[in-house]
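Asker: This is work-v3.txt, which holds compact mmCIF, C-alpha atoms and all ligand atoms:
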# COMPACT_ATOMS: atom_id res chain seq x y z
CA MET A 1 -22.51 1.86 2.67
CA PHE A 2 -25.69 1.88 4.77
CA MET A 3 -27.92 2.18 1.68
CA ARG A 4 -26.04 -0.71 0.13
CA PHE A 5 -26.71 -2.81 3.23
CA ILE A 6 -30.43 -1.92 3.17
CA TYR A 7 -30.63 -2.73 -0.54
CA LYS A 8 -29.01 -6.13 0.08
CA ARG A 9 -31.48 -6.87 2.86
CA LEU A 10 -34.41 -5.84 0.64
CA SER A 11 -33.22 -7.94 -2.29
CA ALA A 12 -32.74 -10.89 0.05
CA MET A 13 -36.31 -10.47 1.31
CA ALA A 14 -37.68 -10.20 -2.22
CA GLY A 15 -36.99 -13.87 -2.87
CA PRO A 16 -34.36 -16.57 -2.78
CA ARG A 17 -30.79 -15.57 -3.54
CA PRO A 18 -29.14 -16.49 -6.82
CA VAL A 19 -26.53 -19.26 -6.77
CA VAL A 20 -23.01 -18.96 -8.17
CA LEU A 21 -21.18 -22.16 -9.14
CA SER A 22 -17.47 -21.84 -9.71
CA GLY A 23 -14.41 -24.07 -9.92
CA PRO A 24 -11.81 -25.36 -12.36
CA SER A 25 -12.73 -26.25 -15.90
CA GLY A 26 -13.46 -29.99 -15.84
CA ALA A 27 -14.49 -30.08 -12.16
CA GLY A 28 -18.03 -31.11 -13.14
CA LYS A 29 -20.00 -27.86 -12.90
CA SER A 30 -22.01 -28.38 -16.11
CA THR A 31 -22.67 -32.05 -15.33
CA LEU A 32 -24.02 -31.21 -11.87
CA LEU A 33 -25.96 -28.20 -13.12
CA LYS A 34 -27.63 -30.16 -15.89
CA LYS A 35 -28.74 -32.83 -13.39
CA LEU A 36 -30.16 -30.13 -11.11
CA MET A 37 -31.96 -28.28 -13.90
CA LYS A 38 -33.47 -31.55 -15.12
CA GLU A 39 -34.78 -32.52 -11.68
CA TYR A 40 -35.89 -29.02 -10.67
CA ASN A 41 -36.63 -27.24 -13.96
CA ASN A 42 -39.48 -25.33 -12.32
CA VAL A 43 -37.23 -24.02 -9.53
CA PHE A 44 -33.88 -23.09 -11.04
CA GLY A 45 -32.98 -21.20 -14.20
CA PHE A 46 -29.56 -20.99 -15.81
CA SER A 47 -27.98 -17.62 -16.51
CA VAL A 48 -26.89 -18.01 -20.14
CA SER A 49 -23.52 -16.30 -20.49
CA HIS A 50 -21.98 -14.81 -23.60
CA THR A 51 -18.72 -16.24 -24.91
CA THR A 52 -16.39 -15.80 -27.87
CA ARG A 53 -15.38 -19.49 -27.80
CA ASN A 54 -16.75 -21.85 -30.44
CA PRO A 55 -19.71 -24.07 -29.58
CA ARG A 56 -18.84 -27.69 -28.78
CA PRO A 57 -20.75 -30.51 -30.48
CA GLY A 58 -24.14 -30.73 -28.80
CA GLU A 59 -24.08 -27.20 -27.37
CA GLU A 60 -26.89 -24.88 -28.39
CA ASN A 61 -26.75 -21.14 -29.00
CA GLY A 62 -28.97 -19.39 -26.45
CA LYS A 63 -29.11 -22.44 -24.20
CA ASP A 64 -25.52 -23.23 -23.19
CA TYR A 65 -24.11 -19.84 -24.19
CA HIS A 66 -24.78 -16.93 -26.47
CA TYR A 67 -21.94 -17.40 -28.96
CA VAL A 68 -20.69 -14.04 -30.19
CA THR A 69 -17.67 -12.43 -31.80
CA ARG A 70 -15.18 -10.40 -29.81
CA ASP A 71 -16.47 -7.20 -31.47
CA VAL A 72 -20.08 -7.91 -30.49
CA MET A 73 -19.05 -8.79 -26.94
CA LYS A 74 -16.89 -5.68 -26.55
CA ALA A 75 -19.69 -3.47 -27.88
CA GLY A 76 -22.11 -4.97 -25.34
CA ILE A 77 -19.63 -4.38 -22.51
CA ASP A 78 -19.09 -0.77 -23.64
CA LYS A 79 -22.85 -0.23 -23.62
CA GLY A 80 -22.99 -1.43 -19.97
CA GLU A 81 -24.96 -4.56 -20.80
CA PHE A 82 -22.80 -6.87 -18.65
CA ILE A 83 -22.73 -7.45 -14.89
CA GLU A 84 -19.28 -8.97 -15.18
CA ASN A 85 -16.93 -10.26 -17.84
CA ALA A 86 -13.59 -12.02 -17.96
CA GLU A 87 -10.96 -13.45 -20.27
CA PHE A 88 -10.50 -17.21 -19.77
CA SER A 89 -8.20 -19.50 -21.76
CA GLY A 90 -8.01 -17.06 -24.69
CA ASN A 91 -11.74 -16.31 -24.89
CA MET A 92 -14.11 -13.75 -23.46
CA TYR A 93 -16.97 -14.77 -21.15
CA GLY A 94 -19.57 -12.58 -19.48
CA THR A 95 -22.88 -12.45 -17.66
CA SER A 96 -25.29 -9.97 -19.20
CA LYS A 97 -27.84 -8.14 -17.08
CA ALA A 98 -30.51 -9.63 -19.38
CA ALA A 99 -29.31 -13.19 -18.66
CA VAL A 100 -30.04 -12.80 -14.95
CA GLN A 101 -33.21 -10.74 -15.47
CA ASP A 102 -34.65 -13.34 -17.89
CA VAL A 103 -34.40 -16.01 -15.19
CA GLN A 104 -35.68 -13.81 -12.37
CA ALA A 105 -38.63 -12.67 -14.52
CA LYS A 106 -39.76 -16.31 -14.59
CA ASN A 107 -39.57 -16.40 -10.77
CA LEU A 108 -36.81 -18.97 -10.92
CA ILE A 109 -33.66 -19.09 -8.79
CA CYS A 110 -30.87 -17.89 -11.03
CA ILE A 111 -27.76 -20.11 -11.26
CA LEU A 112 -24.52 -18.68 -12.66
CA ASP A 113 -21.54 -20.80 -13.80
CA ILE A 114 -18.55 -18.44 -13.72
CA ASP A 115 -14.79 -18.50 -13.17
CA MET A 116 -12.91 -16.98 -10.21
CA GLN A 117 -12.61 -13.56 -11.86
CA GLY A 118 -16.38 -13.61 -12.20
CA VAL A 119 -16.73 -14.48 -8.50
CA LYS A 120 -14.48 -11.56 -7.53
CA ASN A 121 -16.46 -9.17 -9.72
CA ILE A 122 -19.90 -10.42 -8.67
CA LYS A 123 -18.85 -9.82 -5.05
CA LYS A 124 -18.61 -6.11 -5.91
CA THR A 125 -22.24 -6.03 -7.14
CA ASP A 126 -25.60 -6.15 -5.36
CA LEU A 127 -26.54 -9.58 -6.70
CA ASN A 128 -25.87 -11.17 -3.28
CA PRO A 129 -25.78 -14.83 -4.35
CA ILE A 130 -24.60 -17.84 -2.38
CA TYR A 131 -21.23 -19.03 -3.64
CA ILE A 132 -20.60 -22.72 -4.23
CA SER A 133 -17.24 -24.08 -5.32
CA ILE A 134 -17.03 -27.36 -7.23
CA GLN A 135 -13.60 -28.92 -6.91
CA PRO A 136 -11.98 -32.05 -8.41
CA PRO A 137 -10.56 -34.72 -6.08
CA SER A 138 -7.04 -34.05 -7.47
CA MET A 139 -5.21 -32.43 -10.39
CA GLU A 140 -4.60 -35.93 -11.83
CA VAL A 141 -8.31 -36.75 -11.86
CA LEU A 142 -9.08 -33.32 -13.31
CA GLU A 143 -6.63 -33.82 -16.17
CA LYS A 144 -8.03 -37.28 -16.90
CA ARG A 145 -11.62 -35.98 -16.96
CA LEU A 146 -10.71 -33.08 -19.22
CA ARG A 147 -8.83 -35.40 -21.61
CA ASP A 148 -11.65 -37.96 -21.61
CA ARG A 149 -14.17 -35.19 -22.36
CA LYS A 150 -12.36 -34.73 -25.69
CA THR A 151 -13.47 -31.12 -26.13
CA GLU A 152 -10.10 -29.38 -25.91
CA SER A 153 -6.98 -29.12 -28.03
CA GLU A 154 -3.72 -29.83 -26.19
CA GLU A 155 -3.09 -26.06 -25.98
CA SER A 156 -6.53 -25.33 -24.55
CA LEU A 157 -6.18 -28.24 -22.13
CA GLN A 158 -2.87 -26.92 -20.79
CA LYS A 159 -4.36 -23.43 -20.36
CA ARG A 160 -7.28 -24.90 -18.40
CA LEU A 161 -4.96 -26.98 -16.19
CA ASN A 162 -2.87 -23.89 -15.46
CA ALA A 163 -5.95 -21.85 -14.61
CA ALA A 164 -7.17 -24.77 -12.46
CA LYS A 165 -4.23 -24.40 -10.06
CA ASN A 166 -5.34 -20.81 -9.32
CA GLU A 167 -8.99 -21.82 -9.09
CA ILE A 168 -8.11 -24.55 -6.54
CA GLU A 169 -6.03 -22.13 -4.43
CA PHE A 170 -8.80 -19.53 -4.63
CA SER A 171 -11.38 -21.99 -3.28
CA LYS A 172 -9.26 -22.48 -0.14
CA LYS A 173 -9.32 -18.78 0.78
CA PRO A 174 -11.53 -18.20 3.79
CA GLY A 175 -14.69 -16.17 3.34
CA ILE A 176 -15.08 -16.56 -0.42
CA PHE A 177 -17.29 -19.64 -0.79
CA ASP A 178 -20.27 -20.62 1.35
CA VAL A 179 -19.97 -24.27 0.33
CA VAL A 180 -17.08 -26.24 -1.21
CA ILE A 181 -18.01 -29.56 -2.83
CA VAL A 182 -15.38 -32.09 -3.91
CA ASN A 183 -16.80 -33.87 -6.92
CA ASP A 184 -15.34 -37.35 -6.50
CA ASN A 185 -18.40 -39.59 -6.65
CA LEU A 186 -20.96 -37.83 -8.84
CA GLU A 187 -24.04 -38.90 -6.87
CA ASP A 188 -22.50 -37.77 -3.56
CA ALA A 189 -21.47 -34.42 -5.04
CA TYR A 190 -24.95 -34.00 -6.51
CA ASP A 191 -26.57 -34.71 -3.12
CA GLN A 192 -24.38 -32.05 -1.52
CA LEU A 193 -25.22 -29.54 -4.23
CA LYS A 194 -28.92 -30.31 -3.93
CA ASN A 195 -28.83 -29.83 -0.15
CA ALA A 196 -27.09 -26.48 -0.52
CA VAL A 197 -29.36 -25.06 -3.20
CA LEU A 198 -32.60 -26.47 -1.83
CA GLU A 199 -31.77 -24.71 1.42
CA VAL A 200 -31.70 -21.47 -0.56
CA TRP A 201 -35.05 -22.34 -2.08
CA GLU A 202 -36.57 -23.23 1.28
CA SER A 203 -35.29 -20.02 2.89
CA GLY A 204 -36.98 -18.02 0.11
CA ARG A 205 -40.23 -19.88 0.61
CA VAL A 206 -40.21 -19.45 4.38
CA LYS A 207 -39.59 -15.73 3.94
CA VAL A 208 -42.54 -15.36 1.58
CA MET A 209 -44.83 -17.32 3.93
CA SER A 210 -43.85 -15.42 7.06
CA SER A 211 -44.14 -12.02 5.38
CA SER A 212 -47.71 -12.76 4.25
CA ALA A 213 -48.55 -14.14 7.73
CA ASN A 214 -47.45 -10.81 9.22
CA ARG A 215 -49.73 -8.76 7.02
N1 LIG B 1 -16.48 -14.76 -15.48
C1 LIG B 1 -17.23 -15.59 -16.20
N2 LIG B 1 -16.83 -16.85 -16.38
C2 LIG B 1 -17.63 -17.66 -17.11
C3 LIG B 1 -18.85 -17.24 -17.67
N3 LIG B 1 -19.40 -18.27 -18.33
C4 LIG B 1 -18.57 -19.32 -18.16
N4 LIG B 1 -17.49 -18.97 -17.44
C5 LIG B 1 -16.35 -19.78 -16.99
O1 LIG B 1 -15.47 -19.93 -18.08
C6 LIG B 1 -14.73 -21.13 -17.90
C7 LIG B 1 -14.69 -21.90 -19.20
O2 LIG B 1 -15.98 -22.31 -19.55
P1 LIG B 1 -16.20 -23.30 -20.78
O3 LIG B 1 -15.48 -22.79 -21.97
O4 LIG B 1 -17.66 -23.55 -20.93
O5 LIG B 1 -15.40 -24.61 -20.36
P2 LIG B 1 -15.63 -25.72 -19.24
O6 LIG B 1 -15.75 -25.05 -17.93
O7 LIG B 1 -14.40 -26.54 -19.36
O8 LIG B 1 -16.86 -26.47 -19.62
C8 LIG B 1 -15.40 -21.88 -16.75
O9 LIG B 1 -14.63 -21.66 -15.59
C9 LIG B 1 -16.73 -21.19 -16.60
O10 LIG B 1 -17.20 -21.21 -15.26
C10 LIG B 1 -19.24 -15.88 -17.45
O11 LIG B 1 -20.27 -15.41 -17.89
N5 LIG B 1 -18.40 -15.12 -16.72
N1 LIG B 2 -17.94 -37.32 -10.47
C1 LIG B 2 -17.51 -37.57 -11.71
N2 LIG B 2 -16.88 -38.73 -11.97
C2 LIG B 2 -16.41 -38.99 -13.20
N3 LIG B 2 -16.51 -38.14 -14.27
C3 LIG B 2 -17.13 -36.96 -14.05
C4 LIG B 2 -17.64 -36.61 -12.77
N4 LIG B 2 -18.19 -35.37 -12.86
C5 LIG B 2 -18.01 -34.98 -14.13
N5 LIG B 2 -17.39 -35.92 -14.86
C6 LIG B 2 -16.97 -35.84 -16.27
O1 LIG B 2 -15.86 -34.95 -16.29
C7 LIG B 2 -15.90 -34.12 -17.44
C8 LIG B 2 -15.88 -32.66 -17.01
O2 LIG B 2 -17.14 -32.33 -16.43
P1 LIG B 2 -17.91 -30.99 -16.83
O3 LIG B 2 -19.26 -31.07 -16.20
O4 LIG B 2 -17.85 -30.78 -18.29
O5 LIG B 2 -16.99 -29.92 -16.06
P2 LIG B 2 -17.03 -28.33 -16.05
O6 LIG B 2 -18.38 -27.89 -16.49
O7 LIG B 2 -16.72 -27.97 -14.64
O8 LIG B 2 -15.95 -27.90 -16.99
C9 LIG B 2 -17.14 -34.51 -18.23
O9 LIG B 2 -16.76 -35.38 -19.28
C10 LIG B 2 -18.01 -35.22 -17.20
O10 LIG B 2 -18.82 -36.22 -17.81
Have the structure of the file written as structure tokens, please.

Answerer:
Amino acid sequence: MFMRFIYKRLSAMAGPRPVVLSGPSGAGKSTLLKKLMKEYNNVFGFSVSHTTRNPRPGEENGKDYHYVTRDVMKAGIDKGEFIENAEFSGNMYGTSKAAVQDVQAKNLICILDIDMQGVKNIKKTDLNPIYISIQPPSMEVLEKRLRDRKTESEESLQKRLNAAKNEIEFSKKPGIFDVVIVNDNLEDAYDQLKNAVLEVWESGRVKVMSSSANR
């Protein structure tokens, strides 16, 4: 327990903490993330997850996800290559150790987009990120956005809406998320996200400066 605490302190001092974004499918995580990565591409890096779902039009293998078969994904999990993995809406998703290491090796702040099972599992690791929840203004708005996105079959849409109810409840539990952002107006939500993550960046920079000043 004590060693774990020390390790967490040391990893926190080594640089800014990673950022976890979570929330219902359709809440706007990818939209917000893409805006952030465009504006701050030299600061943040996206942890590219593995998934067994099919790519959507416009998605790129290795950029949005690593698209793999169930057999390949299971083999990777068995070999201990994943920090966490989960089943969501009939598909497997997971964060590989390499996905996070690739970002950290470039000295970028690693951003993970994961579901609530991922949040629960990451909390058991030493990654020590800040946790940000992106929430829709209402279930009605969420359903409309998911339908208008036109990426899901009716079956997949219903699965996502069902999962969304749990994701919304989960975000209300005390002590899970550091920041909860309701994505009603996109620009307002983006400002809130920027404030939260830039604070992480600033805290990392201040730590580096003060540690060299103490030398
Ligand atoms: N646990 C976990 N969840 C993930 C991972 N990658 C994506 N997800 C989550 O899987 C869910 C479905 O993602 P996706 O199929 O891209 O659909 P979308 O969220 O509707 O765009 C979302 O809640 C994501 O946050 C991962 O590596 N691990
Ligand atoms: N604030 C917003 N107002 C209106 N539409 C939005 C807003 N944020 C996101 N959207 C749209 O809602 C849909 C779902 O957003 P997306 O980023 O794909 O969600 P997620 O990654 O959480 O599944 C997309 O079509 C996106 O363009």

Asker: Have a look at CA of Gly26 (chain A) and CA of Glu155 (chain A) and let me know their distance in Å, one decimal.

Answerer: 15.0 Å

Asker: Produce as a PDB file with C-alpha atoms, keeping the file's coordinate frame the set of residues near ligand LIG 2 (chain B), where near means within 9 Å with only C-alpha atoms and all ligand atoms considered.

Answerer:
ATOM      1  CA  SER A  22     -17.470 -21.840  -9.710  1.00  0.00           C
ATOM      2  CA  GLY A  23     -14.410 -24.070  -9.920  1.00  0.00           C
ATOM      3  CA  PRO A  24     -11.810 -25.360 -12.360  1.00  0.00           C
ATOM      4  CA  SER A  25     -12.730 -26.250 -15.900  1.00  0.00           C
ATOM      5  CA  GLY A  26     -13.460 -29.990 -15.840  1.00  0.00           C
ATOM      6  CA  ALA A  27     -14.490 -30.080 -12.160  1.00  0.00           C
ATOM      7  CA  GLY A  28     -18.030 -31.110 -13.140  1.00  0.00           C
ATOM      8  CA  LYS A  29     -20.000 -27.860 -12.900  1.00  0.00           C
ATOM      9  CA  SER A  30     -22.010 -28.380 -16.110  1.00  0.00           C
ATOM     10  CA  THR A  31     -22.670 -32.050 -15.330  1.00  0.00           C
ATOM     11  CA  LEU A  32     -24.020 -31.210 -11.870  1.00  0.00           C
ATOM     12  CA  LEU A  33     -25.960 -28.200 -13.120  1.00  0.00           C
ATOM     13  CA  LYS A  34     -27.630 -30.160 -15.890  1.00  0.00           C
ATOM     14  CA  ASP A 113     -21.540 -20.800 -13.800  1.00  0.00           C
ATOM     15  CA  ILE A 134     -17.030 -27.360  -7.230  1.00  0.00           C
ATOM     16  CA  GLN A 135     -13.600 -28.920  -6.910  1.00  0.00           C
ATOM     17  CA  PRO A 136     -11.980 -32.050  -8.410  1.00  0.00           C
ATOM     18  CA  PRO A 137     -10.560 -34.720  -6.080  1.00  0.00           C
ATOM     19  CA  VAL A 141      -8.310 -36.750 -11.860  1.00  0.00           C
ATOM     20  CA  LEU A 142      -9.080 -33.320 -13.310  1.00  0.00           C
ATOM     21  CA  LYS A 144      -8.030 -37.280 -16.900  1.00  0.00           C
ATOM     22  CA  ARG A 145     -11.620 -35.980 -16.960  1.00  0.00           C
ATOM     23  CA  LEU A 146     -10.710 -33.080 -19.220  1.00  0.00           C
ATOM     24  CA  ARG A 147      -8.830 -35.400 -21.610  1.00  0.00           C
ATOM     25  CA  ASP A 148     -11.650 -37.960 -21.610  1.00  0.00           C
ATOM     26  CA  ARG A 149     -14.170 -35.190 -22.360  1.00  0.00           C
ATOM     27  CA  LYS A 150     -12.360 -34.730 -25.690  1.00  0.00           C
ATOM     28  CA  THR A 151     -13.470 -31.120 -26.130  1.00  0.00           C
ATOM     29  CA  VAL A 182     -15.380 -32.090  -3.910  1.00  0.00           C
ATOM     30  CA  ASN A 183     -16.800 -33.870  -6.920  1.00  0.00           C
ATOM     31  CA  ASP A 184     -15.340 -37.350  -6.500  1.00  0.00           C
ATOM     32  CA  ASN A 185     -18.400 -39.590  -6.650  1.00  0.00           C
ATOM     33  CA  LEU A 186     -20.960 -37.830  -8.840  1.00  0.00           C
ATOM     34  CA  GLU A 187     -24.040 -38.900  -6.870  1.00  0.00           C
ATOM     35  CA  ASP A 188     -22.500 -37.770  -3.560  1.00  0.00           C
ATOM     36  CA  ALA A 189     -21.470 -34.420  -5.040  1.00  0.00           C
ATOM     37  CA  TYR A 190     -24.950 -34.000  -6.510  1.00  0.00           C
TER      38      TYR A 190
END

Asker: Quick one: residues within 8 Å of ligand LIG 1 (chain B), with all atoms listed in the file, as a PyMOL selection string?

Answerer: chain A and resi 21-27+29-30+48-51+53+65+84-89+93-96+112-119+146+160

Asker: Under the rule that only C-alpha atoms are counted, which of A:Glu81, A:Asp191, A:Asp178, A:Glu59 is the nearest residue to Ile132 (chain A)?

Answerer: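 Ranking A:Glu81, A:Asp191, A:Asp178, A:Glu59 by distance to Ile132 (chain A), first place goes to A:Asp178.
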
Asker: Could you tell me which of A:Gly45, A:Ser171, A:Phe177, A:Lys74 comes closest to Asp102 (chain A) if we count all atoms listed in the file?

Answerer: A:Gly45

Asker: Would you mind listing what lies within 6 Å of Pro129 (chain A) as a ChimeraX atom specification, with only C-alpha atoms counted and same-chain residues fewer than 4 positions away left out?

Answerer: /A:17-19

Asker: Enter the distance from CA of Leu198 (chain A) to CA of Lys38 (chain A), in Å, rounded to one decimal.

Answerer: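 A separation of 14.3 Å between them.
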
Asker: Work out where the centre of an axis-aligned box around every listed atom of region 112-130 of chain A lies and how long its edges are once 5 Å is added on each side; give both in Å to one decimal as AutoDock Vina command-line options.

Answerer:
--center_x -19.6 --center_y -13.4 --center_z -8.1 --size_x 23.9 --size_y 24.8 --size_z 21.4

Asker: Using CA of Ser133 (chain A) and CA of Ser156 (chain A) as the two end points, give the distance in Å to one decimal.

Answerer: 22.0 Å

Asker: A:Val20, A:Ile122, A:Ile83, A:Met73: which is nearest Val179 (chain A), counting all atoms listed in the file?

Answerer: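 Result for the nearest residue to Val179 (chain A): A:Val20.
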
Asker: Near Gln104 (chain A), within 12 Å and counting only C-alpha atoms, which residues show up once chain neighbours fewer than 6 positions away are dropped, as a count of residues only?

Answerer: 16
